[in-house]
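**Student:** Questions regarding the structure given below will be posed in turn.
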Amino acid sequence: MPLYLPIAELSMNVFLVIGMGAIVGFLSGMFGVGGGFLMTPLLIFAGIPPAVAVATESNEITAASVSGALAHMRRGGVDFKMGGVLIAGGAVGSFFGAQLFTYLKTIGQVDLMISLAYVVFLGSVGLLMLVESVRSIRKARQGFAPPPRRRRKEGVAAWKDKLPFKMRFRKSRLYISALLPLAIGGLVGVLAAIMGVGGGFIMVPAMIYLLGMPTNVVVGTSLFQIIFVTALTTMLHSVNTQTVDMVLALLLLSGAVVGAQFGVRAGMKLPGEQLRALLAIMVLAVCIKMGLGLILEPDDLYSVAIGGH
Amino acid sequence: MKVLAVQVLLVLWCVMAGQVAASDTDLSERKVEIRYNFEGSSLILFGSVRESDLLVPTDTYDVITIVQGPNREATVRRKAKVGGIWMNNASLTFQDVPGYYALSSTKSLADFIPAEMMKAKNIGFENLPFTSVATKMTASEVDGFRQGLYRQRSGTALYQQAIGAVEIVGQSLFRADINLPSHTPVGMFRVDVHIVQNGQIVASSELELEVDKAGFEKGIYDFAHEMPFLYGLTAVFIALGAGWLAGVLGKK
C-alpha cells in the first residue's frame, strides 16, 4: 500500500516503513539502545532525503524515549538534577548543531558531515565495545567471572576536581563540577541535531566513566535528557528547514513500539557479553557502510541538491 | 500591471501565431492532485490534426509533445576526491530549470526535424534556454554540470525522452501517455505539441497542466511551511502522547 509522505515528497510503501520501524524497534529493544543510529542511515538508504531523515528521526526518538524514561522514573532511576544540567548543555548544543546543519545544507556539505559524524562516532564506540565484550567473553570462557571494576575515583579524577562550579547530585551521590555534565550534554545536543540520534551511545559511557554515576540511574537519566533534547531538535529543524515529516515519524513509531516488545524478550535470552558483541558488530557495520560511501568512487560525480526552497 | 502586460503579450502572441494554426489537443486531466495514495500519475494527451494545417494533406506527418514545469532554481554539485574522501567541491546553480521534462515523439527526432529548427523552437532538453548563475567556469565545464543534471533527473524519471511514444491513429488523430512519477514537483506545467511535416512545424498548440498537493497531504505541507513553530510543537506533542501511550500499553 503506497503512501505519499507530505514533507519527504515521495511515495513509500506503508508496510515497508512500518517494517523498518519494527526491525529497528526490535534491535533497540534487544540491545537497550535508542536505535536512531540505525534508523537514520536506513531511511537515507531507502531514499529519504538525508535532511528529512535526520529531522524526522529526532521526532521519533522523542516518542521512543518517553516510554523508557517513564518506566525508569517509576522505579526511581532518574536523577532529575543531573538530567536538568545535561538538558541545559543539550539545549545549547542542539541549537548550535541545528545552525551548523542549516549552514552546511546551504553549501551542500550536509551529507558529508552526516557520513563523517557516523563514521567517527560509530567507529570509535563500536570498536571500544567490541574489544571490551570480546575480552569479557574470553575471561568468562577461561572460567572466572570478571571482578566488578572498582574505579579509583580519587586518582583518575584529579583534574576533574579542579574544575569550578561544583554541584551536589544527591541521587548520583556525586559532588562534581557542573561543567562536566554541561559539556557532555552539549556534545550530545550537537550530535542529536546533526546525526538524528538520541546520543545515548555517547552519553551512557560518558556518564559511567567520566562522571562516575552509579549505573542504576544512568539509563533513566540519559533517556530523560534525550526526550527534551530531541524535542528541541525537532522544533529547531521544523522552524529552520521544515524537514520534519510527522506522517513518516508516526509510521516508524508504530512499528518500533511493537518491535521493541519482542526485542526486549529476545534480549533476555542472550548473555550480556554476547549481546554487546553483537551490538558492536552492528554499530561497526553501519559505520563501514557509511565509510564506504565516502571512499568509493560514486557512480555519478554529479548530484542535484534536493529541496531548492 | 504585470497581469496586464502578460495579457497584452498573450494577445500579441495569438495574433502572430495565427499563421500557424493550432491543432486541437487536450489532456485526460488538467489538474493532478497529489493525495495520500499518490503513486505517480498517468495522463493521456490526445489531439487531432486538421487537414488544412498540413502542407501535403495526404502525406505522413510527425508529432512532438513536450511536458515541462515547474521552473525553479537547481543546484548541481560535483564530487572530487579530497584527502581520500569523495566530497562535493564544486557547484553550479541553474535558473528556471524545469523540475519535470518529458519529450515524446513519433520517431527519432533527427529523422524528421532539423537541428536548427529544434534550437530555434527550444525543442529538446539541450535546447532549453535556462542559464546558470555567473561563474568562472568554462563552457565545457558548465555543460558537464548540465549533463549531470539531466542524468540525475532521468535516473529518477523526472526527465524522460520517449521516441515512438506518440501514436498516430488513422490519419488525423494522435495520442501520447504522460507519466508523472510519485516525486513529481508541484506547480504549473506547460504542454507543447508540434506537428511537423517536411522538416517544418506546421501547427503547434499549448496547454497548461497543474500538479498540486491536495487534502491531507496539502494540509500537512502547508502547516509545516506556514506555521513551522506550531507544526514543530504539534509534532513534539504527538510524539510525547504516542510515547506515553506505548508505555502504558507495553506495561500490560
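By order of appearance in the C-alpha cells: chains A, B, ..., then residues from 1 within every chain, and ligands from 1 in the order shown.
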Once you count only C-alpha atoms, which residues of chain A turn out to be within 6 Å of chain B? Could you give them as a list of chain:residue names?
**Tutor:**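 Filtering chain A at 6 Å from chain B with only C-alpha atoms gives A:Pro2, A:Leu3, A:Tyr4, A:Pro6, A:Glu9, A:Leu10, A:Ser11, A:Ala63, A:Ala64, A:Val66, A:Ser67, A:Ala231, A:Met235, A:Ser238, A:Val239, A:Leu294, A:Ile295, A:Leu301, A:Tyr302, A:Ser303, A:Val304, A:Ala305.
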**Student:** Write out, as a CSV table (one decimal), in the first residue's frame, the residues just selected, with N, CA and C atoms.
**Tutor:**
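Contents of selection-v8.csv, as written:
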```csv
chain,number,residue,atom,x,y,z
A,2,PRO,N,0.8,2.0,-1.1
A,2,PRO,CA,1.7,3.2,-1.1
A,2,PRO,C,1.1,4.4,-0.3
A,3,LEU,N,2.0,5.2,0.3
A,3,LEU,CA,1.5,6.3,1.0
A,3,LEU,C,2.5,7.5,0.6
A,4,TYR,N,1.9,8.6,0.3
A,4,TYR,CA,2.7,9.8,-0.1
A,4,TYR,C,3.1,10.5,1.2
A,6,PRO,N,4.2,13.7,3.0
A,6,PRO,CA,4.0,15.1,2.6
A,6,PRO,C,5.3,16.0,2.6
A,9,GLU,N,8.1,14.3,0.4
A,9,GLU,CA,7.7,14.5,-1.0
A,9,GLU,C,7.9,13.3,-1.9
A,10,LEU,N,7.7,12.1,-1.4
A,10,LEU,CA,7.7,10.9,-2.2
A,10,LEU,C,6.8,9.9,-1.6
A,11,SER,N,6.6,8.9,-2.4
A,11,SER,CA,5.6,7.8,-2.0
A,11,SER,C,6.4,6.6,-1.6
A,63,ALA,N,9.4,10.2,21.1
A,63,ALA,CA,8.4,9.3,21.5
A,63,ALA,C,8.9,8.0,22.1
A,64,ALA,N,10.0,7.5,21.4
A,64,ALA,CA,10.6,6.2,21.8
A,64,ALA,C,11.2,6.3,23.2
A,66,VAL,N,10.2,8.4,25.7
A,66,VAL,CA,9.2,8.7,26.7
A,66,VAL,C,8.8,7.4,27.5
A,67,SER,N,8.5,6.4,26.7
A,67,SER,CA,8.0,5.2,27.4
A,67,SER,C,9.1,4.6,28.3
A,231,ALA,N,13.2,16.7,21.5
A,231,ALA,CA,12.0,17.6,21.3
A,231,ALA,C,12.4,18.9,20.8
A,235,MET,N,11.9,20.9,17.1
A,235,MET,CA,11.4,22.3,16.9
A,235,MET,C,12.3,23.0,16.0
A,238,SER,N,12.1,22.0,12.5
A,238,SER,CA,10.8,22.4,11.9
A,238,SER,C,10.9,23.9,11.5
A,239,VAL,N,11.5,24.7,12.4
A,239,VAL,CA,11.5,26.2,12.1
A,239,VAL,C,12.5,26.5,11.1
A,294,LEU,N,32.0,7.1,1.4
A,294,LEU,CA,32.9,8.2,1.4
A,294,LEU,C,34.2,7.9,0.6
A,295,ILE,N,34.6,6.7,0.6
A,295,ILE,CA,35.9,6.4,-0.1
A,295,ILE,C,35.8,5.7,-1.4
A,301,LEU,N,29.5,11.5,-10.5
A,301,LEU,CA,30.1,12.6,-9.6
A,301,LEU,C,29.1,13.7,-9.4
A,302,TYR,N,28.1,13.8,-10.3
A,302,TYR,CA,27.2,15.0,-10.2
A,302,TYR,C,26.0,14.6,-9.3
A,303,SER,N,25.5,15.5,-8.6
A,303,SER,CA,24.2,15.3,-7.9
A,303,SER,C,23.4,16.6,-7.9
A,304,VAL,N,22.1,16.5,-7.8
A,304,VAL,CA,21.3,17.7,-7.8
A,304,VAL,C,20.8,17.9,-6.3
A,305,ALA,N,21.0,19.1,-5.8
A,305,ALA,CA,20.5,19.4,-4.5
A,305,ALA,C,19.0,19.2,-4.4
```
**Student:** Taking only residues of region 144-237 of chain B that have an atom at most 9 Å from an atom of region 51-54 of chain B, what is each one's shortest atom pair and its distance in Å to one decimal, using only C-alpha atoms, in chain and number order, as JSON lines?
**Tutor:**
```
{"residue": "B:Ser172", "atom": "CA", "partner": "B:Glu51", "partner_atom": "CA", "distance": 7.6}
{"residue": "B:Ile195", "atom": "CA", "partner": "B:Leu54", "partner_atom": "CA", "distance": 8.6}
{"residue": "B:Val196", "atom": "CA", "partner": "B:Leu54", "partner_atom": "CA", "distance": 8.6}
{"residue": "B:Gln197", "atom": "CA", "partner": "B:Leu54", "partner_atom": "CA", "distance": 7.1}
{"residue": "B:Val202", "atom": "CA", "partner": "B:Asp53", "partner_atom": "CA", "distance": 6.3}
{"residue": "B:Ala203", "atom": "CA", "partner": "B:Asp53", "partner_atom": "CA", "distance": 6.5}
```
**Student:** Please return, as an MDAnalysis selection string, all residues of region 45-241 of chain B that DSSP assigns to alpha helix (DSSP H) on the basis of the backbone.
**Tutor:** chainID B and resid 115:120 139:155 215:226 228:241
**Student:** Write out as a PyMOL selection string each polymer residue whose atoms come within 9 Å of Gly84 (chain A), counting only C-alpha atoms; drop sequence neighbours fewer than 5 positions from it.
**Tutor:** chain A and resi 79+89+224-225
**Student:** Determine, counting only C-alpha atoms, which protein, DNA and RNA residues have an atom within 8 Å of an atom of region 20-34 of chain A; residues of the same chain fewer than 6 positions away are not included. Present the result as a PyMOL selection string.
**Tutor:** chain A and resi 42+61+64-65+197-198+200-201+251-268+275-276+279
**Student:** Please provide the set of residues having any atom within 12 Å of Gly83 (chain A), restricted to only C-alpha atoms, with same-chain residues fewer than 6 positions apart removed, written as a PyMOL selection string.
**Tutor:** chain A and resi 69+73+77+89-91+169+171-172+178+181-182+184-185+203+207+213+217-229
**Student:** Give me every strand (DSSP E or B) residue in region 62-235 of chain B, going by DSSP on the backbone, as a PyMOL selection string.
**Tutor:** chain B and resi 62-82+85-105+132+159-163+167-169+173-180+187-197+200-213
**Student:** Excluding region 283-293 of chain A and its own-chain neighbours fewer than 6 positions away, which residues fall within 10 Å of it when counting only C-alpha atoms? Please give them as a VMD selection string.
**Tutor:** (chain A and resid 37 to 38 41 to 42 45 112 114 to 127 129 to 130 277) or (chain B and resid 85 to 86)
**Student:** Which residues are close to region 100-116 of chain B, i.e. within 6 Å by only C-alpha atoms, leaving aside same-chain residues fewer than 3 positions away? Reply as a ChimeraX atom specification.
**Tutor:** /B:62-69,119,158-166,199
**Student:** What would the file look like if the residues just selected were written as a PDB file, in the first residue's frame with C-alpha atoms?
**Tutor:**
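Wrote it out as result.pdb, contents follow:
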```
ATOM      1  CA  ASP B  62       5.208  13.618 -37.169  1.00  0.00           C
ATOM      2  CA  VAL B  63       4.249  14.828 -33.712  1.00  0.00           C
ATOM      3  CA  ILE B  64       6.399  16.076 -30.827  1.00  0.00           C
ATOM      4  CA  THR B  65       4.904  16.544 -27.377  1.00  0.00           C
ATOM      5  CA  ILE B  66       6.741  18.260 -24.543  1.00  0.00           C
ATOM      6  CA  VAL B  67       5.533  18.450 -20.953  1.00  0.00           C
ATOM      7  CA  GLN B  68       7.627  20.662 -18.702  1.00  0.00           C
ATOM      8  CA  GLY B  69       7.442  22.533 -15.448  1.00  0.00           C
ATOM      9  CA  LYS B 119      17.213  25.047 -31.435  1.00  0.00           C
ATOM     10  CA  LEU B 158      11.776  13.325 -13.813  1.00  0.00           C
ATOM     11  CA  TYR B 159      13.312  13.771 -17.244  1.00  0.00           C
ATOM     12  CA  GLN B 160      12.141  11.444 -19.963  1.00  0.00           C
ATOM     13  CA  GLN B 161      12.592  11.156 -23.675  1.00  0.00           C
ATOM     14  CA  ALA B 162      10.347   8.640 -25.383  1.00  0.00           C
ATOM     15  CA  ILE B 163      10.974   8.030 -29.051  1.00  0.00           C
ATOM     16  CA  GLY B 164       7.998   6.456 -30.789  1.00  0.00           C
ATOM     17  CA  ALA B 165       5.710   7.120 -27.839  1.00  0.00           C
ATOM     18  CA  VAL B 166       3.354   9.371 -29.810  1.00  0.00           C
ATOM     19  CA  GLY B 199      11.024  19.423 -41.768  1.00  0.00           C
TER      20      GLY B 199
END
```
**Student:** For CA of Val133 (chain B) and CA of Val191 (chain B), quote the distance in Å rounded to one decimal.
**Tutor:**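 Computing it gives 26.7 Å between the two atoms.
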**Student:** Would you mind reading off the distance between CA of Val131 (chain A) and CA of Glu273 (chain A), one decimal, in Å?
**Tutor:**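 CA of Glu273 (chain A) lies 10.8 Å from CA of Val131 (chain A).
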